[in-house]
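Novice: One structure, as structure tokens, below. Some questions next.
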Amino acid sequence: MAKYPKLFIPGPTHVSDDILDVLSTEQIGHRTPEISELIDSIVQDIKKVLYTNNNIYLVSHAATGLWEMGTKNSVLKGVLHCSNGAFSSKWALSSEKNGFYTENIEYEWGKGIKADDIDKKLSTGKFDVLAMVHNETSTGVMSNLEEISSLLKNKYPEVIWLVDAVSSMAGVKIDVDSLGIDFLLSSTQKAWGLPAGFSICSVSDKIIEKSLKIPNKGYFLDIQVYEKYYKKSQTPTTPSLPHMFALRKMLDKINLEGLDNRWNRHIEMSKYARNWAINHGQQLFPEQGCESYTLTCIKNIKNWDVNSIYEKLLSRGFRMDRGYGNLKGKVFRIPHMGNVYMNDLKEYLEIMDEIICQ
Ligand code: PLP
């Protein structure tokens, strides 16, 4: 058995041995031709994963910092948040703490974000930015980006659209350019299947231009500073090279798998996990039609002793999830993303079955 239990929590997710190996690649200078070549190759491949011509920044800190890069570089009037879980609520809090005029459409946890609600708020003219989480990791809810995209294109083309895709990027197809997302962000410890502490974002020309008009956005998260180094295929500060080597390796794996196969694999695993839950008499937590492709959030209506299942799974070498935030103890989540393939998921659920039947 490995030293640590295999992670079946929705982040950090399981990192496979081939990825762990490249993390110890020898270091290179961060102002050298080698780094520019590495960054160029990574950026070109991420553009394919995101179906975009937008600029891609590689960022050596957690995604939470990118929430603030998005808002600091775009909000002049006000930011409209949509909160339907723990992470979207925290992002709204971050905007309040930054002193932006902030309003929040608050949904009951488990619900998806609705374009009609956004329309009502944006029609007041109080907001120049919309911020939302695509895949709420705390509830397993994935909201419909197409509906929101068509609302923004048709009625609010000047609004800057910020999307957190922390637990969907690289696991779910997000066609950034056809959706018109101005700022899409993720960290690497979820569907990218890499260690935490590194993030990726795509930035549109619209937000780059908007950022020019914004005073007092500090230095560290200023898109203009990023742009200066992006043009040289470098990063503003000394980057986490192990993450970059691992990202390169992961992109090779994604290229080998093929994008369509990758999206389908995640859809198939989500169907499997949902059916497993329903066949066991449990209920899915998300409202129908909003179930995530990368994790399944299960309402424990059968009153299984989740703590006991957790301990037994641990003794079999697996770390289980028991719910997050307000939902702790009421739901449990099954992640199926990144380095988790159908066989891994089946193995995990079979062991869970053995434990439940004991
Ligand atoms: N957004 C979502 C949807 C998340 O699930 C998480 C972490 O789980 C975050 C943001 C925060 O990411 P990080 O820990 O990389 O800042």
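Within each chain, counting starts at residue 1; across the structure tokens, chains are named A, B, ... in the order shown, with ligands numbered 1 upward in that order.
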Where does chain A meet ligand 1 within 9 Å, residue by residue, with the nearest atom pair and distance in Å to one decimal for each, counting only C-alpha atoms and all ligand atoms, listed by chain and rising number, as CSV?
Specialist:
```
residue,atom,partner,partner_atom_place_in_ligand_line,distance
A:Pro10,CA,ligand 1,8 (O),7.4
A:Gly11,CA,ligand 1,8 (O),6.0
A:Pro12,CA,ligand 1,8 (O),7.8
A:His61,CA,ligand 1,15 (O),7.4
A:Ala62,CA,ligand 1,15 (O),3.7
A:Ala63,CA,ligand 1,16 (O),3.8
A:Thr64,CA,ligand 1,16 (O),3.6
A:Gly65,CA,ligand 1,16 (O),6.6
A:Leu66,CA,ligand 1,16 (O),8.0
A:Trp67,CA,ligand 1,10 (C),8.1
A:Gly85,CA,ligand 1,3 (C),8.8
A:Ala86,CA,ligand 1,3 (C),8.1
A:Phe87,CA,ligand 1,1 (N),5.0
A:Ser88,CA,ligand 1,3 (C),6.9
A:Lys90,CA,ligand 1,10 (C),8.4
A:Trp91,CA,ligand 1,10 (C),7.9
A:Val133,CA,ligand 1,3 (C),6.0
A:His134,CA,ligand 1,3 (C),7.5
A:Asn135,CA,ligand 1,3 (C),6.0
A:Glu136,CA,ligand 1,3 (C),5.0
A:Thr137,CA,ligand 1,5 (O),4.5
A:Ser138,CA,ligand 1,5 (O),6.8
A:Asp164,CA,ligand 1,1 (N),6.0
A:Ala165,CA,ligand 1,3 (C),6.4
A:Val166,CA,ligand 1,2 (C),4.9
A:Ser167,CA,ligand 1,5 (O),5.6
A:Ser168,CA,ligand 1,3 (C),8.3
A:Leu185,CA,ligand 1,1 (N),8.8
A:Ser186,CA,ligand 1,15 (O),7.2
A:Ser187,CA,ligand 1,15 (O),4.7
A:Thr188,CA,ligand 1,15 (O),7.3
A:Gln189,CA,ligand 1,15 (O),7.2
A:Lys190,CA,ligand 1,8 (O),7.9
A:Ala196,CA,ligand 1,15 (O),6.4
A:Gly197,CA,ligand 1,15 (O),6.3
A:Phe198,CA,ligand 1,15 (O),7.2
A:Ser199,CA,ligand 1,15 (O),7.0
```
Novice: Take the residues just selected and output them with N, CA, C and O atoms as a CSV table (one decimal), in the first residue's frame.
Specialist:
```
chain,number,residue,atom,x,y,z
A,10,PRO,N,-12.7,15.9,-3.6
A,10,PRO,CA,-12.7,16.7,-4.8
A,10,PRO,C,-11.7,17.9,-4.8
A,10,PRO,O,-12.0,19.0,-5.1
A,11,GLY,N,-10.5,17.5,-4.5
A,11,GLY,CA,-9.4,18.5,-4.5
A,11,GLY,C,-8.8,18.6,-3.1
A,11,GLY,O,-9.5,18.9,-2.2
A,12,PRO,N,-7.4,18.4,-3.1
A,12,PRO,CA,-6.6,18.0,-4.2
A,12,PRO,C,-7.0,16.6,-4.6
A,12,PRO,O,-7.4,15.7,-3.8
A,61,HIS,N,0.3,30.6,-7.7
A,61,HIS,CA,-0.4,30.7,-6.4
A,61,HIS,C,-1.8,30.1,-6.6
A,61,HIS,O,-2.1,29.7,-7.7
A,62,ALA,N,-2.5,30.0,-5.5
A,62,ALA,CA,-3.8,29.4,-5.5
A,62,ALA,C,-4.8,30.2,-6.4
A,62,ALA,O,-4.6,31.4,-6.6
A,63,ALA,N,-5.9,29.5,-6.8
A,63,ALA,CA,-6.9,30.2,-7.6
A,63,ALA,C,-7.6,31.4,-6.9
A,63,ALA,O,-8.0,32.3,-7.6
A,64,THR,N,-7.6,31.3,-5.6
A,64,THR,CA,-8.3,32.4,-4.9
A,64,THR,C,-7.7,33.7,-5.3
A,64,THR,O,-8.4,34.8,-5.4
A,65,GLY,N,-6.4,33.8,-5.5
A,65,GLY,CA,-5.7,35.0,-5.9
A,65,GLY,C,-6.2,35.5,-7.3
A,65,GLY,O,-6.3,36.7,-7.6
A,66,LEU,N,-6.6,34.5,-8.1
A,66,LEU,CA,-7.1,34.9,-9.4
A,66,LEU,C,-8.5,35.5,-9.4
A,66,LEU,O,-9.0,36.2,-10.2
A,67,TRP,N,-9.3,35.1,-8.3
A,67,TRP,CA,-10.6,35.8,-8.1
A,67,TRP,C,-10.3,37.3,-8.1
A,67,TRP,O,-11.0,38.1,-8.7
A,85,GLY,N,-23.1,28.3,-3.4
A,85,GLY,CA,-22.3,27.3,-2.6
A,85,GLY,C,-21.2,28.0,-1.9
A,85,GLY,O,-21.1,29.3,-1.9
A,86,ALA,N,-20.3,27.2,-1.4
A,86,ALA,CA,-19.3,27.8,-0.5
A,86,ALA,C,-18.3,28.7,-1.3
A,86,ALA,O,-17.9,29.8,-0.8
A,87,PHE,N,-17.8,28.2,-2.4
A,87,PHE,CA,-16.8,28.9,-3.1
A,87,PHE,C,-17.3,30.2,-3.8
A,87,PHE,O,-16.7,31.3,-3.7
A,88,SER,N,-18.5,30.1,-4.4
A,88,SER,CA,-19.0,31.4,-5.0
A,88,SER,C,-19.3,32.4,-3.9
A,88,SER,O,-19.2,33.6,-4.2
A,90,LYS,N,-17.6,32.8,-1.1
A,90,LYS,CA,-16.3,33.3,-0.7
A,90,LYS,C,-15.8,34.3,-1.7
A,90,LYS,O,-15.2,35.3,-1.4
A,91,TRP,N,-16.1,34.1,-3.0
A,91,TRP,CA,-15.6,35.0,-4.0
A,91,TRP,C,-16.3,36.4,-3.8
A,91,TRP,O,-15.7,37.5,-3.9
A,133,VAL,N,-19.2,31.0,-10.5
A,133,VAL,CA,-18.5,29.8,-10.5
A,133,VAL,C,-19.2,28.8,-11.4
A,133,VAL,O,-20.4,28.6,-11.2
A,134,HIS,N,-18.5,28.2,-12.3
A,134,HIS,CA,-19.1,27.3,-13.3
A,134,HIS,C,-19.5,26.0,-12.6
A,134,HIS,O,-20.7,25.6,-12.7
A,135,ASN,N,-18.6,25.5,-11.8
A,135,ASN,CA,-18.9,24.1,-11.2
A,135,ASN,C,-18.6,24.3,-9.7
A,135,ASN,O,-17.5,24.4,-9.2
A,136,GLU,N,-19.7,24.4,-8.9
A,136,GLU,CA,-19.6,24.6,-7.5
A,136,GLU,C,-19.2,23.3,-6.8
A,136,GLU,O,-20.0,22.4,-6.7
A,137,THR,N,-17.9,23.3,-6.4
A,137,THR,CA,-17.4,22.1,-5.9
A,137,THR,C,-18.1,21.6,-4.6
A,137,THR,O,-18.2,20.5,-4.3
A,138,SER,N,-18.6,22.6,-3.8
A,138,SER,CA,-19.2,22.3,-2.5
A,138,SER,C,-20.5,21.6,-2.7
A,138,SER,O,-21.0,20.8,-1.8
A,164,ASP,N,-15.1,31.3,-12.6
A,164,ASP,CA,-14.3,30.3,-11.9
A,164,ASP,C,-14.6,28.9,-12.4
A,164,ASP,O,-15.7,28.5,-12.4
A,165,ALA,N,-13.5,28.3,-13.0
A,165,ALA,CA,-13.7,26.9,-13.5
A,165,ALA,C,-12.7,26.0,-12.7
A,165,ALA,O,-12.2,25.1,-13.3
A,166,VAL,N,-12.6,26.2,-11.4
A,166,VAL,CA,-11.6,25.5,-10.7
A,166,VAL,C,-11.8,24.0,-10.7
A,166,VAL,O,-10.8,23.3,-10.9
A,167,SER,N,-13.0,23.6,-10.6
A,167,SER,CA,-13.2,22.1,-10.7
A,167,SER,C,-13.9,21.6,-12.0
A,167,SER,O,-14.4,20.5,-12.0
A,168,SER,N,-13.8,22.4,-13.0
A,168,SER,CA,-14.3,22.0,-14.3
A,168,SER,C,-13.2,22.1,-15.4
A,168,SER,O,-13.2,21.3,-16.4
A,185,LEU,N,-10.7,31.1,-14.9
A,185,LEU,CA,-9.6,30.8,-14.0
A,185,LEU,C,-9.8,29.4,-13.4
A,185,LEU,O,-10.9,28.9,-13.2
A,186,SER,N,-8.6,28.8,-13.1
A,186,SER,CA,-8.6,27.5,-12.4
A,186,SER,C,-7.3,27.3,-11.7
A,186,SER,O,-6.3,27.9,-12.1
A,187,SER,N,-7.3,26.5,-10.6
A,187,SER,CA,-6.1,26.0,-10.1
A,187,SER,C,-5.9,24.6,-10.6
A,187,SER,O,-6.7,24.0,-11.3
A,188,THR,N,-4.7,24.0,-10.3
A,188,THR,CA,-4.3,22.8,-10.9
A,188,THR,C,-4.6,21.5,-10.2
A,188,THR,O,-4.4,20.4,-10.7
A,189,GLN,N,-5.2,21.6,-8.9
A,189,GLN,CA,-5.4,20.4,-8.1
A,189,GLN,C,-6.7,19.7,-8.3
A,189,GLN,O,-7.0,18.8,-7.5
A,190,LYS,N,-7.4,20.0,-9.3
A,190,LYS,CA,-8.7,19.4,-9.5
A,190,LYS,C,-8.7,18.5,-10.8
A,190,LYS,O,-8.0,17.5,-10.8
A,196,ALA,N,-1.6,21.1,-5.8
A,196,ALA,CA,-2.1,22.5,-5.6
A,196,ALA,C,-1.1,23.5,-5.6
A,196,ALA,O,0.1,23.2,-5.5
A,197,GLY,N,-1.5,24.8,-5.7
A,197,GLY,CA,-0.5,25.9,-5.5
A,197,GLY,C,-0.1,26.5,-6.8
A,197,GLY,O,0.8,27.4,-6.9
A,198,PHE,N,-0.8,26.2,-7.9
A,198,PHE,CA,-0.5,26.7,-9.2
A,198,PHE,C,-1.9,27.0,-9.9
A,198,PHE,O,-2.8,26.2,-9.8
A,199,SER,N,-2.0,28.0,-10.7
A,199,SER,CA,-3.2,28.4,-11.4
A,199,SER,C,-3.0,28.8,-12.8
A,199,SER,O,-1.9,29.1,-13.3
```
Novice: Please report as a tab-separated table every residue of stretch 71-103 of chain A lying within 8 Å of stretch 110-128 of chain A, along with the nearest atom pair and their distance in Å (one decimal), using only C-alpha atoms.
Specialist:
```
residue	atom	partner	partner_atom	distance
A:Ser74	CA	A:Asp128	CA	7.8
A:Val75	CA	A:Asp128	CA	6.4
A:Leu76	CA	A:Asp128	CA	6.9
A:Lys77	CA	A:Phe127	CA	5.7
A:Gly78	CA	A:Phe127	CA	4.3
A:Val79	CA	A:Phe127	CA	5.3
A:Leu80	CA	A:Phe127	CA	6.2
A:Cys82	CA	A:Ile113	CA	6.8
A:Asn84	CA	A:Lys111	CA	6.4
A:Gly85	CA	A:Gly110	CA	7.5
```
Novice: Those same residues, written as a PDB file, in the first residue's frame with all heavy atoms?
Specialist:
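See out_29.pdb below for the written result:
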```pdb
ATOM      1  N   SER A  74     -11.079  44.740 -13.458  1.00  0.00           N
ATOM      2  CA  SER A  74     -12.275  44.965 -14.283  1.00  0.00           C
ATOM      3  C   SER A  74     -13.352  45.825 -13.635  1.00  0.00           C
ATOM      4  O   SER A  74     -14.130  46.465 -14.336  1.00  0.00           O
ATOM      5  CB  SER A  74     -12.886  43.617 -14.694  1.00  0.00           C
ATOM      6  OG  SER A  74     -13.282  42.880 -13.553  1.00  0.00           O
ATOM      7  N   VAL A  75     -13.426  45.855 -12.303  1.00  0.00           N
ATOM      8  CA  VAL A  75     -14.578  46.528 -11.679  1.00  0.00           C
ATOM      9  C   VAL A  75     -14.345  48.041 -11.567  1.00  0.00           C
ATOM     10  O   VAL A  75     -13.396  48.484 -10.925  1.00  0.00           O
ATOM     11  CB  VAL A  75     -14.861  45.959 -10.258  1.00  0.00           C
ATOM     12  CG1 VAL A  75     -16.112  46.621  -9.676  1.00  0.00           C
ATOM     13  CG2 VAL A  75     -15.027  44.448 -10.290  1.00  0.00           C
ATOM     14  N   LEU A  76     -15.197  48.793 -12.217  1.00  0.00           N
ATOM     15  CA  LEU A  76     -15.201  50.256 -12.034  1.00  0.00           C
ATOM     16  C   LEU A  76     -16.491  50.676 -11.349  1.00  0.00           C
ATOM     17  O   LEU A  76     -16.493  51.447 -10.408  1.00  0.00           O
ATOM     18  CB  LEU A  76     -15.077  50.967 -13.382  1.00  0.00           C
ATOM     19  CG  LEU A  76     -13.648  51.206 -13.908  1.00  0.00           C
ATOM     20  CD1 LEU A  76     -13.685  51.769 -15.315  1.00  0.00           C
ATOM     21  CD2 LEU A  76     -12.849  52.127 -12.991  1.00  0.00           C
ATOM     22  N   LYS A  77     -17.615  50.099 -11.836  1.00  0.00           N
ATOM     23  CA  LYS A  77     -18.930  50.435 -11.251  1.00  0.00           C
ATOM     24  C   LYS A  77     -19.278  49.479 -10.133  1.00  0.00           C
ATOM     25  O   LYS A  77     -19.373  49.853  -8.974  1.00  0.00           O
ATOM     26  CB  LYS A  77     -19.990  50.300 -12.357  1.00  0.00           C
ATOM     27  CG  LYS A  77     -20.456  51.645 -12.936  1.00  0.00           C
ATOM     28  CD  LYS A  77     -21.792  51.507 -13.631  1.00  0.00           C
ATOM     29  CE  LYS A  77     -21.664  50.896 -15.008  1.00  0.00           C
ATOM     30  NZ  LYS A  77     -22.929  50.886 -15.747  1.00  0.00           N
ATOM     31  N   GLY A  78     -19.503  48.238 -10.487  1.00  0.00           N
ATOM     32  CA  GLY A  78     -19.909  47.262  -9.488  1.00  0.00           C
ATOM     33  C   GLY A  78     -19.817  45.854 -10.028  1.00  0.00           C
ATOM     34  O   GLY A  78     -19.798  45.643 -11.244  1.00  0.00           O
ATOM     35  N   VAL A  79     -19.752  44.894  -9.102  1.00  0.00           N
ATOM     36  CA  VAL A  79     -19.666  43.496  -9.527  1.00  0.00           C
ATOM     37  C   VAL A  79     -20.875  42.728  -9.007  1.00  0.00           C
ATOM     38  O   VAL A  79     -21.235  42.826  -7.839  1.00  0.00           O
ATOM     39  CB  VAL A  79     -18.323  42.853  -9.082  1.00  0.00           C
ATOM     40  CG1 VAL A  79     -18.045  43.014  -7.594  1.00  0.00           C
ATOM     41  CG2 VAL A  79     -18.277  41.360  -9.453  1.00  0.00           C
ATOM     42  N   LEU A  80     -21.486  41.979  -9.934  1.00  0.00           N
ATOM     43  CA  LEU A  80     -22.619  41.127  -9.573  1.00  0.00           C
ATOM     44  C   LEU A  80     -22.112  39.698  -9.407  1.00  0.00           C
ATOM     45  O   LEU A  80     -21.533  39.130 -10.333  1.00  0.00           O
ATOM     46  CB  LEU A  80     -23.679  41.170 -10.680  1.00  0.00           C
ATOM     47  CG  LEU A  80     -24.888  40.253 -10.453  1.00  0.00           C
ATOM     48  CD1 LEU A  80     -25.666  40.654  -9.199  1.00  0.00           C
ATOM     49  CD2 LEU A  80     -25.808  40.257 -11.675  1.00  0.00           C
ATOM     50  N   CYS A  82     -22.944  35.606  -8.207  1.00  0.00           N
ATOM     51  CA  CYS A  82     -24.012  34.615  -8.119  1.00  0.00           C
ATOM     52  C   CYS A  82     -23.507  33.559  -7.146  1.00  0.00           C
ATOM     53  O   CYS A  82     -22.506  32.908  -7.432  1.00  0.00           O
ATOM     54  CB  CYS A  82     -24.250  33.950  -9.473  1.00  0.00           C
ATOM     55  SG  CYS A  82     -24.507  35.122 -10.801  1.00  0.00           S
ATOM     56  N   ASN A  84     -24.055  30.111  -5.138  1.00  0.00           N
ATOM     57  CA  ASN A  84     -24.863  28.902  -4.959  1.00  0.00           C
ATOM     58  C   ASN A  84     -24.056  27.828  -4.243  1.00  0.00           C
ATOM     59  O   ASN A  84     -24.257  26.642  -4.461  1.00  0.00           O
ATOM     60  CB  ASN A  84     -25.410  28.403  -6.308  1.00  0.00           C
ATOM     61  CG  ASN A  84     -24.317  28.078  -7.307  1.00  0.00           C
ATOM     62  OD1 ASN A  84     -23.167  28.484  -7.143  1.00  0.00           O
ATOM     63  ND2 ASN A  84     -24.664  27.355  -8.347  1.00  0.00           N
ATOM     64  N   GLY A  85     -23.142  28.258  -3.398  1.00  0.00           N
ATOM     65  CA  GLY A  85     -22.335  27.301  -2.646  1.00  0.00           C
ATOM     66  C   GLY A  85     -21.200  28.023  -1.937  1.00  0.00           C
ATOM     67  O   GLY A  85     -21.134  29.259  -1.926  1.00  0.00           O
TER      68      GLY A  85
END
```
Novice: Between atom CA of A:His266 and atom CA of A:Glu287, what is the spacing in Å?
Specialist: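 Atom-to-atom, atom CA of A:Glu287 to atom CA of A:His266, that is 19.2 Å.
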Novice: Would you mind listing what lies within 8 Å of stretch 15-19 of chain A as a ChimeraX atom specification, with only C-alpha atoms counted and same-chain residues fewer than 2 positions away left out?
Specialist: /A:13,21-23,193-195,246,249-250,339
Novice: Which residues in stretch 161-196 of chain A does DSSP call helix (DSSP H, G or I)? List them as a list in words.
Specialist: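 Going through stretch 161-196 of chain A, the helix (DSSP H, G or I) residues come out as Val176, Asp177, Ser178 and Leu179 of chain A.
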Novice: For stretch 253-255 of chain A, work out the shell of residues within 12 Å, counting only C-alpha atoms and skipping chain neighbours fewer than 2 positions away, then give it as a PyMOL selection string.
Specialist: chain A and resi 16+18-19+42+44-46+48-49+170-171+191-193+246-251+257-263+265+338-339
Novice: Pick out the residues sitting within 9 Å of stretch 322-334 of chain A, and hand them over as a ChimeraX atom specification; count only C-alpha atoms, and ignore anything fewer than 4 positions along from it in its own chain.
Specialist: /A:8-10,85-86,109,137-140,273,285,294-301,303,306-307,310,345
Novice: Quick one: of A:Val225, A:Leu349, A:Ile160, A:Leu314, who's nearest to A:Arg274, counting only C-alpha atoms?
Specialist: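 Between A:Val225, A:Leu349, A:Ile160, A:Leu314, the residue approaching A:Arg274 most closely is A:Leu349.
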Novice: Using DSSP secondary structure from the backbone, list all strand (DSSP E) positions within stretch 117-174 of chain A, as a PyMOL selection string.
Specialist: chain A and resi 129-133+135-136+141-142+160-164
Novice: Measure the distance from atom CA of A:Asn264 to atom CA of A:Met342 in Å and round it to one decimal.
Specialist: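 A separation of 11.1 Å between them.
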Novice: Please determine, counting only C-alpha atoms, which residue among A:Cys290, A:Ile355, A:Cys201, A:Leu58 has the shortest atom-to-atom distance to A:Leu313.
Specialist: A:Ile355
Novice: Tell me which of A:Asn343, A:Thr71, A:Ser204, A:Ser95 sits closest to A:Tyr57, counting only C-alpha atoms.
Specialist: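 Comparing A:Asn343, A:Thr71, A:Ser204, A:Ser95 against A:Tyr57, the winner is A:Ser204.
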